[in-house]
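Novice: So that we are looking at the same thing, I have put the structure below in structure tokens.
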Amino acid sequence: MRQTTLSAGQTAAEWTPDQLPAEFRLARSRIMYVESKAGGLEGPARIGRVYFSKTGKTLYYRGMKFRSLKGSGFKANYFELESGDHYWISGPRKDRDNRLYGGNRGVEVDADIREEYESNLRGT
């Protein structure tokens, strides 16, 4: 694993494709919108490939593990297991208005899924 900088100085380990744990399968992954709510209603946000555990209870993204808040979060639906920080994780919107109050200001798309993401937006 290698360390990468997300934004606002936040870092997380990132798996390179050849280092993905064996339990991760593309069949159990999806391109999703991931936004940190640790600093308030709008935080650092990315669109990238999120992997699901075999049971679907744990999500994995850029070296972080997430579990559902099961409806108890305020403007958040998952929490990161290590830090306890809250996140909003959902499928990306075709109109690109992923943020809570619309727009996509500052939303970064991971390089490894950019082409697939753009193709999904075009519907091809």
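Going through the structure tokens in order, the chains are called A, B, and so on, while each chain numbers its residues from 1 and the ligands are numbered from 1 in the order shown.
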Report as a ChimeraX atom specification: the residues of segment 14-94 of chain A with a DSSP assignment of strand (DSSP E), based on the backbone of this structure.
Specialist: /A:14,29-36,45-52,58-61,64-68,78-80,86-90
Novice: So that I can check the surroundings of segment 26-40 of chain A, please list as a ChimeraX atom specification every protein, DNA and RNA residue that reaches within 10 Å of it, counting only C-alpha atoms and ignoring chain neighbours fewer than 4 positions away.
Specialist: /A:44-54,56,59-61,74-80,83-93,98-100,107-110,113-114,116-117,120
Novice: What is the atom CA of Arg105 of chain A to atom CA of Arg122 of chain A distance in Å?
Specialist: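 Separating atom CA of Arg105 of chain A from atom CA of Arg122 of chain A is a distance of 20.0 Å.
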Novice: What gap, in Å, lies between atom CA of Glu82 of chain A and atom CA of Ser68 of chain A?
Specialist: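 About the pair atom CA of Glu82 of chain A and atom CA of Ser68 of chain A: they are 13.7 Å apart.
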Novice: So the first atom is atom CA of Phe66 of chain A and the second is atom CA of Glu42 of chain A; what is the distance between them in Å, to one decimal place?
Specialist: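 Here the two named atoms are 18.4 Å from each other.
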Novice: Any chance you could list, as a list in words, the residues in segment 71-123 of chain A that come up alpha helix (DSSP H) when DSSP is run on the backbone?
Specialist: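 Listing alpha helix (DSSP H) positions across segment 71-123 of chain A yields Arg114, Glu115, Glu116, Tyr117, Glu118, Ser119, Asn120, Leu121 and Arg122 of chain A.
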